[in-house]
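Participant: You'll find final_36.cif just under this line, and it carries mmCIF, C-alpha atoms.
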data_upload
loop_
_atom_site.group_PDB
_atom_site.id
_atom_site.type_symbol
_atom_site.label_atom_id
_atom_site.label_comp_id
_atom_site.auth_asym_id
_atom_site.auth_seq_id
_atom_site.Cartn_x
_atom_site.Cartn_y
_atom_site.Cartn_z
ATOM 1 C CA MET A 1 50.485 33.562 48.986
ATOM 2 C CA THR A 2 50.559 36.275 51.630
ATOM 3 C CA ASP A 3 53.420 37.263 53.932
ATOM 4 C CA THR A 4 51.955 35.386 56.858
ATOM 5 C CA GLU A 5 50.892 32.131 55.242
ATOM 6 C CA PRO A 6 52.885 29.111 56.445
ATOM 7 C CA ARG A 7 55.002 27.217 53.957
ATOM 8 C CA THR A 8 56.514 23.781 54.017
ATOM 9 C CA SER A 9 60.036 23.420 52.789
ATOM 10 C CA GLY A 10 62.751 20.838 52.493
ATOM 11 C CA THR A 11 62.446 17.117 51.976
ATOM 12 C CA THR A 12 63.458 13.983 53.806
ATOM 13 C CA GLU A 13 62.900 10.319 53.045
ATOM 14 C CA GLY A 14 59.681 10.624 54.990
ATOM 15 C CA GLY A 15 58.351 13.494 52.866
ATOM 16 C CA ILE A 16 57.844 17.208 53.386
ATOM 17 C CA VAL A 17 59.114 18.827 56.576
ATOM 18 C CA ALA A 18 57.481 21.960 57.979
ATOM 19 C CA GLY A 19 59.694 24.307 59.970
ATOM 20 C CA ALA A 20 59.641 27.803 61.398
ATOM 21 C CA TRP A 21 62.359 29.751 63.173
ATOM 22 C CA ALA A 22 63.024 32.698 65.447
ATOM 23 C CA VAL A 23 66.120 34.846 64.923
ATOM 24 C CA LEU A 24 67.234 37.043 67.813
ATOM 25 C CA LEU A 25 69.074 40.169 66.722
ATOM 26 C CA PRO A 26 71.794 41.653 68.952
ATOM 27 C CA ALA A 27 71.054 45.255 69.947
ATOM 28 C CA GLU A 28 73.738 46.741 67.695
ATOM 29 C CA ARG A 29 72.516 44.758 64.685
ATOM 30 C CA TYR A 30 68.949 45.904 65.302
ATOM 31 C CA GLU A 31 70.123 49.524 65.299
ATOM 32 C CA ALA A 32 71.953 48.933 62.021
ATOM 33 C CA GLU A 33 68.820 47.428 60.464
ATOM 34 C CA ARG A 34 66.856 50.516 61.470
ATOM 35 C CA LEU A 35 69.318 52.940 59.910
ATOM 36 C CA VAL A 36 69.585 51.577 56.359
ATOM 37 C CA HIS A 37 67.054 49.586 54.335
ATOM 38 C CA HIS A 38 68.049 46.001 53.576
ATOM 39 C CA ASP A 39 66.070 43.441 51.579
ATOM 40 C CA THR A 40 67.843 40.591 53.324
ATOM 41 C CA LEU A 41 69.245 39.817 56.755
ATOM 42 C CA GLU A 42 72.545 37.923 56.757
ATOM 43 C CA LEU A 43 73.706 36.233 59.953
ATOM 44 C CA THR A 44 76.960 34.430 60.699
ATOM 45 C CA GLY A 45 78.399 32.644 63.710
ATOM 46 C CA LEU A 46 75.342 30.503 64.359
ATOM 47 C CA ASP A 47 76.147 27.457 66.468
ATOM 48 C CA GLY A 48 74.421 24.105 66.477
ATOM 49 C CA THR A 49 73.661 21.529 63.817
ATOM 50 C CA ALA A 50 70.039 22.488 63.146
ATOM 51 C CA ARG A 51 69.877 24.768 60.136
ATOM 52 C CA PRO A 52 66.790 26.271 58.499
ATOM 53 C CA ARG A 53 65.895 25.153 54.996
ATOM 54 C CA PRO A 54 65.272 27.568 52.126
ATOM 55 C CA GLY A 55 61.679 28.751 52.273
ATOM 56 C CA ASP A 56 61.240 28.241 56.023
ATOM 57 C CA PRO A 57 59.367 31.138 57.672
ATOM 58 C CA VAL A 58 61.328 33.250 60.137
ATOM 59 C CA ALA A 59 60.315 35.647 62.913
ATOM 60 C CA VAL A 60 62.946 38.332 63.598
ATOM 61 C CA LEU A 61 63.051 39.510 67.216
ATOM 62 C CA VAL A 62 65.044 41.707 69.581
ATOM 63 C CA ASP A 63 65.436 41.254 73.322
ATOM 64 C CA GLU A 64 65.080 43.292 76.536
ATOM 65 C CA PRO A 65 62.130 43.257 76.271
ATOM 66 C CA LEU A 66 61.386 40.618 73.674
ATOM 67 C CA ARG A 67 59.790 42.239 70.606
ATOM 68 C CA LEU A 68 58.918 41.161 67.083
ATOM 69 C CA VAL A 69 60.518 43.426 64.452
ATOM 70 C CA GLY A 70 60.081 41.513 61.213
ATOM 71 C CA LEU A 71 59.104 38.420 59.260
ATOM 72 C CA GLY A 72 60.975 36.678 56.491
ATOM 73 C CA ARG A 73 61.807 33.529 54.588
ATOM 74 C CA VAL A 74 65.085 31.632 54.562
ATOM 75 C CA ALA A 75 66.951 32.171 51.305
ATOM 76 C CA LEU A 76 69.706 30.001 49.901
ATOM 77 C CA ALA A 77 72.644 30.054 52.300
ATOM 78 C CA THR A 78 76.025 31.340 51.245
ATOM 79 C CA ALA A 79 78.760 28.816 50.571
ATOM 80 C CA GLU A 80 80.581 27.060 53.392
ATOM 81 C CA THR A 81 83.503 28.947 54.887
ATOM 82 C CA ARG A 82 86.706 27.666 56.474
ATOM 83 C CA GLU A 83 86.946 27.837 60.245
ATOM 84 C CA ASP A 84 90.395 29.410 59.794
ATOM 85 C CA PRO A 85 90.446 31.553 56.638
ATOM 86 C CA ASP A 86 94.273 31.484 56.663
ATOM 87 C CA ASP A 87 94.387 27.659 56.682
ATOM 88 C CA PRO A 88 92.922 26.024 53.555
ATOM 89 C CA GLN A 89 93.107 22.634 55.300
ATOM 90 C CA SER A 90 90.886 23.665 58.217
ATOM 91 C CA ASP A 91 87.429 22.157 58.597
ATOM 92 C CA PRO A 92 84.661 23.943 56.694
ATOM 93 C CA GLY A 93 81.866 25.573 58.643
ATOM 94 C CA PRO A 94 78.348 26.488 57.549
ATOM 95 C CA GLY A 95 77.885 29.652 55.530
ATOM 96 C CA ALA A 96 75.807 32.620 56.540
ATOM 97 C CA LEU A 97 72.081 32.300 57.147
ATOM 98 C CA VAL A 98 70.275 34.623 54.740
ATOM 99 C CA VAL A 99 66.708 35.717 55.464
ATOM 100 C CA THR A 100 64.668 37.635 52.897
ATOM 101 C CA TYR A 101 62.370 40.111 54.626
ATOM 102 C CA THR A 102 58.652 39.863 53.859
ATOM 103 C CA ARG A 103 57.519 42.340 56.519
ATOM 104 C CA ARG A 104 59.298 44.886 58.722
ATOM 105 C CA VAL A 105 58.079 46.670 61.845
ATOM 106 C CA LEU A 106 61.504 47.963 62.876
ATOM 107 C CA ASP A 107 60.130 51.329 64.014
ATOM 108 C CA GLU A 108 57.115 49.934 65.877
ATOM 109 C CA PRO A 109 58.149 46.580 67.382
ATOM 110 C CA VAL A 110 55.408 44.330 68.733
ATOM 111 C CA ALA A 111 55.822 43.052 72.301
ATOM 112 C CA VAL A 112 56.090 39.268 72.619
ATOM 113 C CA GLY A 113 55.522 37.512 75.918
ATOM 114 C CA GLY A 114 55.893 33.899 76.990
ATOM 115 C CA LEU A 115 58.281 32.891 74.216
ATOM 116 C CA ALA A 116 61.494 31.144 75.266
ATOM 117 C CA LEU A 117 64.414 31.456 72.849
ATOM 118 C CA ASP A 118 67.556 29.345 72.793
ATOM 119 C CA GLY A 119 70.234 31.716 71.543
ATOM 120 C CA LEU A 120 70.376 33.515 68.225
ATOM 121 C CA LEU A 121 68.434 30.824 66.332
ATOM 122 C CA THR A 122 65.513 28.864 67.762
ATOM 123 C CA GLY A 123 63.170 26.424 66.085
ATOM 124 C CA LEU A 124 59.479 27.326 66.359
ATOM 125 C CA ASP A 125 56.278 25.394 65.984
ATOM 126 C CA PRO A 126 54.682 26.719 62.767
ATOM 127 C CA ALA A 127 51.530 27.520 64.754
ATOM 128 C CA VAL A 128 53.583 29.795 67.032
ATOM 129 C CA TRP A 129 55.037 31.564 63.991
ATOM 130 C CA ARG A 130 51.555 32.084 62.569
ATOM 131 C CA GLU A 131 50.416 33.537 65.883
ATOM 132 C CA LEU A 132 53.353 35.951 65.899
ATOM 133 C CA ALA A 133 52.670 36.967 62.302
ATOM 134 C CA ALA A 134 49.004 37.575 63.077
ATOM 135 C CA ARG A 135 49.975 40.116 65.737
ATOM 136 C CA LEU A 136 51.264 42.446 63.043
ATOM 137 C CA GLY A 137 47.911 42.816 61.340
ATOM 138 C CA PRO A 138 47.652 44.025 57.747
ATOM 139 C CA PRO A 139 50.537 46.110 56.390
ATOM 140 C CA PRO A 140 49.931 49.874 56.360
ATOM 141 C CA ALA A 141 49.210 51.650 53.095
ATOM 142 C CA ARG A 142 52.277 52.999 51.320
ATOM 143 C CA ARG A 143 52.543 56.655 50.336
ATOM 144 C CA SER A 144 55.040 59.019 48.721
ATOM 145 C CA TRP A 145 57.545 60.916 50.865
ATOM 146 C CA LEU A 146 60.066 63.631 50.093
ATOM 147 C CA VAL A 147 63.434 63.014 51.729
ATOM 148 C CA SER A 148 66.251 65.551 51.570
ATOM 149 C CA LEU A 149 69.705 66.115 52.979
ATOM 150 C CA ASP A 150 71.179 69.622 52.947
ATOM 151 C CA LEU A 151 74.865 70.237 53.615
ATOM 152 C CA PRO A 152 76.617 73.624 53.361
ATOM 153 C CA ILE A 153 79.850 72.874 51.517
ATOM 154 C CA GLU A 154 82.718 75.162 50.561
ATOM 155 C CA ALA A 155 84.252 74.236 47.210
ATOM 156 C CA ALA A 156 85.868 75.789 44.131
ATOM 157 C CA SER A 157 83.281 74.389 41.698
ATOM 158 C CA PRO A 158 79.861 72.687 41.633
ATOM 159 C CA ALA A 159 81.487 69.378 40.667
ATOM 160 C CA GLU A 160 83.870 69.550 43.632
ATOM 161 C CA ALA A 161 80.961 70.430 45.928
ATOM 162 C CA VAL A 162 79.100 67.317 44.781
ATOM 163 C CA ARG A 163 82.170 65.141 45.356
ATOM 164 C CA LEU A 164 82.591 66.557 48.858
ATOM 165 C CA PHE A 165 78.862 66.045 49.493
ATOM 166 C CA TRP A 166 79.051 62.302 48.775
ATOM 167 C CA SER A 167 82.273 62.045 50.748
ATOM 168 C CA TYR A 168 80.559 63.550 53.812
ATOM 169 C CA VAL A 169 77.524 61.314 53.326
ATOM 170 C CA GLN A 170 79.695 58.182 53.232
ATOM 171 C CA GLU A 171 81.817 59.290 56.185
ATOM 172 C CA LEU A 172 79.086 60.551 58.514
ATOM 173 C CA GLY A 173 76.073 58.548 57.355
ATOM 174 C CA PRO A 174 72.694 58.250 59.093
ATOM 175 C CA ARG A 175 74.272 58.208 62.550
ATOM 176 C CA GLU A 176 75.300 61.867 62.328
ATOM 177 C CA LEU A 177 73.547 63.539 59.395
ATOM 178 C CA PRO A 178 69.928 64.702 59.800
ATOM 179 C CA ALA A 179 67.618 63.696 56.965
ATOM 180 C CA PHE A 180 64.444 65.731 56.423
ATOM 181 C CA VAL A 181 61.247 63.925 55.440
ATOM 182 C CA SER A 182 57.727 65.109 54.681
ATOM 183 C CA PRO A 183 54.655 63.655 52.971
ATOM 184 C CA SER A 184 54.532 64.604 49.299
ATOM 185 C CA GLY A 185 52.537 67.815 48.976
ATOM 186 C CA ASP A 186 52.801 68.688 52.678
ATOM 187 C CA GLU A 187 56.261 70.165 53.187
ATOM 188 C CA LEU A 188 55.090 72.003 56.331
ATOM 189 C CA ALA A 189 54.928 68.612 58.049
ATOM 190 C CA MET A 190 58.668 68.089 57.541
ATOM 191 C CA GLN A 191 60.492 66.197 60.292
ATOM 192 C CA ALA A 192 64.188 65.626 60.881
ATOM 193 C CA PHE A 193 65.495 62.131 61.583
ATOM 194 C CA VAL A 194 68.845 61.121 63.079
ATOM 195 C CA LEU A 195 69.707 57.552 64.072
ATOM 196 C CA GLY A 196 66.415 56.428 62.569
ATOM 197 C CA VAL A 197 64.236 58.456 64.952
ATOM 198 C CA GLU A 198 62.730 61.923 64.907
ATOM 199 C CA ALA A 199 65.220 64.534 66.116
ATOM 200 C CA ASN A 200 64.524 68.146 67.013
ATOM 201 C CA GLN A 201 66.747 70.465 64.979
ATOM 202 C CA ASP A 202 65.455 73.751 66.410
ATOM 203 C CA PRO A 203 67.873 74.893 69.180
ATOM 204 C CA GLU A 204 65.321 77.446 70.444
ATOM 205 C CA GLU A 205 62.910 74.652 71.338
ATOM 206 C CA ASP A 206 65.596 72.999 73.467
ATOM 207 C CA ASP A 207 65.883 76.045 75.736
#
As structure tokens - that is how I would like this structure written.
Facilitator:
Amino acid sequence: MTDTEPRTSGTTEGGIVAGAWAVLLPAERYEAERLVHHDTLELTGLDGTARPRPGDPVAVLVDEPLRLVGLGRVALATAETREDPDDPQSDPGPGALVVTYTRRVLDEPVAVGGLALDGLLTGLDPAVWRELAARLGPPPARRSWLVSLDLPIEAASPAEAVRLFWSYVQELGPRELPAFVSPSGDELAMQAFVLGVEANQDPEEDD
């Protein structure tokens, strides 16, 4: 089965139920998804009684303008959580919605027009989901890349320098540290990336 093939999931007394969904990412969550690779997308705070079933196809979108940034399938939800975590007698609420990515186009979103969404989670006709998935076309070929991060660090020993290196990486992360990437075997094509996008690191070119 391919990424874009529809799937039926869930059962009722009447038989199999087909469902598809659109998830609308807030702007800050979209930026976070672009910075660090995640195999799954976990969402909380979803209102309403309609909940996707495991296996349902999902289109992941961002707004202003509306763009498609990924496809996925609903995974098993996390356990129910209490409305008030400090009160064990409070009413339980639904757990997080977990979506397993099957395709990402986070760096090259696809414009979507004429699609009305009702909040963070909207039910879709499966035919609409298939049409959205078809807009992505076949996935691009994968290739090998060399990614490096160089930090000048003052330390008393190599071991201390390594510890400080990982400390800086954890503290500053992809929002502040430039990572350098080039195709394997073509280091002259190296590019610097900050905040998930190409960033010029040559101050002379800024003048």
Participant: Output the residue selection produced by the PyMOL selection byres ((chain A and resi 123) around 10) on the file above, formatted as a ChimeraX atom specification.
Facilitator: /A:19-23,50-52,58,117-118,121-122,124-126,129
Participant: Calculated over all atoms listed in the file, which of the candidates A:Ala59, A:Ala156, A:Leu149, A:Val98 has the smallest distance to A:Val194?
Facilitator: A:Leu149
Participant: Apply the PyMOL selection byres ((chain A and resi 69-71) around 6) to the displayed file and report the matching residues as a list in words.
Facilitator: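 Evaluating the PyMOL selection byres ((chain A and resi 69-71) around 6) on these coordinates yields Val58, Ala59, Val60, Leu61, Leu68, Gly72, Tyr101, Thr102, Arg103, Arg104, Val105, Leu106 and Pro109 of chain A.
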Participant: Which residues match the PyMOL selection byres ((chain A and resi 40) around 6) in the file above, as a PyMOL selection string?
Facilitator: chain A and resi 38-39+41+99-101
Participant: With all atoms listed in the file as the counted atoms, please give the residues lying no more than 10 Å from A:Pro178, apart from itself and same-chain residues fewer than 2 positions off, as a ChimeraX atom specification.
Facilitator: /A:148-151,173-176,180-181,191-201
Participant: In Å, rounded to a single decimal, give me how far atom CA of A:Ala27 is from atom CA of A:Gly113.
Facilitator: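 A separation of 18.4 Å between them.
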Participant: Suppose you want the space between atom CA of A:Asp56 and atom CA of A:Val74; what is it in Å?
Facilitator: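 Calculated distance between atom CA of A:Asp56 and atom CA of A:Val74 is 5.3 Å.
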Participant: Rounded to one decimal in Å, what is the spacing between atom CA of A:Leu177 and atom CA of A:Arg143?
Facilitator: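 Atom-to-atom, atom CA of A:Leu177 and atom CA of A:Arg143 are spaced 23.9 Å apart.
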Participant: Pop stretch 28-54 of chain A out of the structure in the block and write N, CA and C atoms as a short mmCIF file (atom, residue, chain, number, x, y, z; two decimals), in the first residue's frame.
Facilitator:
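Printed below is result-v1.cif as written:
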data_model
loop_
_atom_site.label_atom_id
_atom_site.label_comp_id
_atom_site.auth_asym_id
_atom_site.auth_seq_id
_atom_site.Cartn_x
_atom_site.Cartn_y
_atom_site.Cartn_z
N GLU A 28 3.48 28.31 15.34
CA GLU A 28 4.65 27.97 16.13
C GLU A 28 4.92 26.47 16.11
N ARG A 29 3.88 25.67 16.02
CA ARG A 29 4.08 24.21 15.94
C ARG A 29 4.66 23.83 14.59
N TYR A 30 4.23 24.49 13.54
CA TYR A 30 4.79 24.24 12.21
C TYR A 30 6.29 24.54 12.20
N GLU A 31 6.69 25.65 12.81
CA GLU A 31 8.10 25.99 12.87
C GLU A 31 8.89 24.92 13.63
N ALA A 32 8.31 24.42 14.72
CA ALA A 32 8.97 23.38 15.49
C ALA A 32 9.11 22.10 14.68
N GLU A 33 8.12 21.76 13.88
CA GLU A 33 8.19 20.56 13.05
C GLU A 33 9.28 20.69 11.99
N ARG A 34 9.52 21.91 11.54
CA ARG A 34 10.54 22.13 10.51
C ARG A 34 11.95 22.06 11.07
N LEU A 35 12.10 22.32 12.36
CA LEU A 35 13.44 22.40 12.93
C LEU A 35 14.03 21.03 13.27
N VAL A 36 13.20 20.12 13.76
CA VAL A 36 13.69 18.82 14.22
C VAL A 36 12.80 17.72 13.63
N HIS A 37 13.42 16.66 13.14
CA HIS A 37 12.67 15.56 12.54
C HIS A 37 11.88 14.81 13.59
N HIS A 38 10.60 14.57 13.29
CA HIS A 38 9.75 13.75 14.15
C HIS A 38 9.05 12.71 13.28
N ASP A 39 8.96 11.49 13.77
CA ASP A 39 8.22 10.44 13.06
C ASP A 39 6.72 10.57 13.29
N THR A 40 6.35 11.19 14.41
CA THR A 40 4.93 11.33 14.73
C THR A 40 4.62 12.78 15.09
N LEU A 41 3.35 13.10 14.97
CA LEU A 41 2.83 14.41 15.35
C LEU A 41 1.82 14.18 16.46
N GLU A 42 2.06 14.76 17.63
CA GLU A 42 1.17 14.57 18.78
C GLU A 42 0.47 15.87 19.10
N LEU A 43 -0.86 15.82 19.14
CA LEU A 43 -1.67 17.02 19.35
C LEU A 43 -2.58 16.82 20.55
N THR A 44 -2.67 17.86 21.37
CA THR A 44 -3.55 17.84 22.54
C THR A 44 -4.50 19.03 22.46
N GLY A 45 -5.48 19.04 23.36
CA GLY A 45 -6.40 20.17 23.43
C GLY A 45 -7.41 20.23 22.31
N LEU A 46 -7.70 19.08 21.70
CA LEU A 46 -8.68 19.05 20.62
C LEU A 46 -10.08 18.97 21.20
N ASP A 47 -10.94 19.90 20.79
CA ASP A 47 -12.31 19.92 21.29
C ASP A 47 -13.22 19.07 20.40
N GLY A 48 -14.42 18.85 20.87
CA GLY A 48 -15.40 18.13 20.07
C GLY A 48 -15.40 16.64 20.39
N THR A 49 -16.49 15.99 20.01
CA THR A 49 -16.64 14.57 20.32
C THR A 49 -16.11 13.68 19.20
N ALA A 50 -16.05 14.18 17.99
CA ALA A 50 -15.57 13.37 16.87
C ALA A 50 -14.07 13.16 17.00
N ARG A 51 -13.66 11.91 17.02
CA ARG A 51 -12.24 11.59 17.13
C ARG A 51 -11.86 10.62 16.02
N PRO A 52 -10.72 10.85 15.38
CA PRO A 52 -10.26 9.91 14.36
C PRO A 52 -10.01 8.53 14.95
N ARG A 53 -10.11 7.52 14.09
CA ARG A 53 -9.83 6.15 14.49
C ARG A 53 -8.43 5.77 14.03
N PRO A 54 -7.76 4.88 14.72
CA PRO A 54 -6.45 4.42 14.26
C PRO A 54 -6.50 3.93 12.82
#
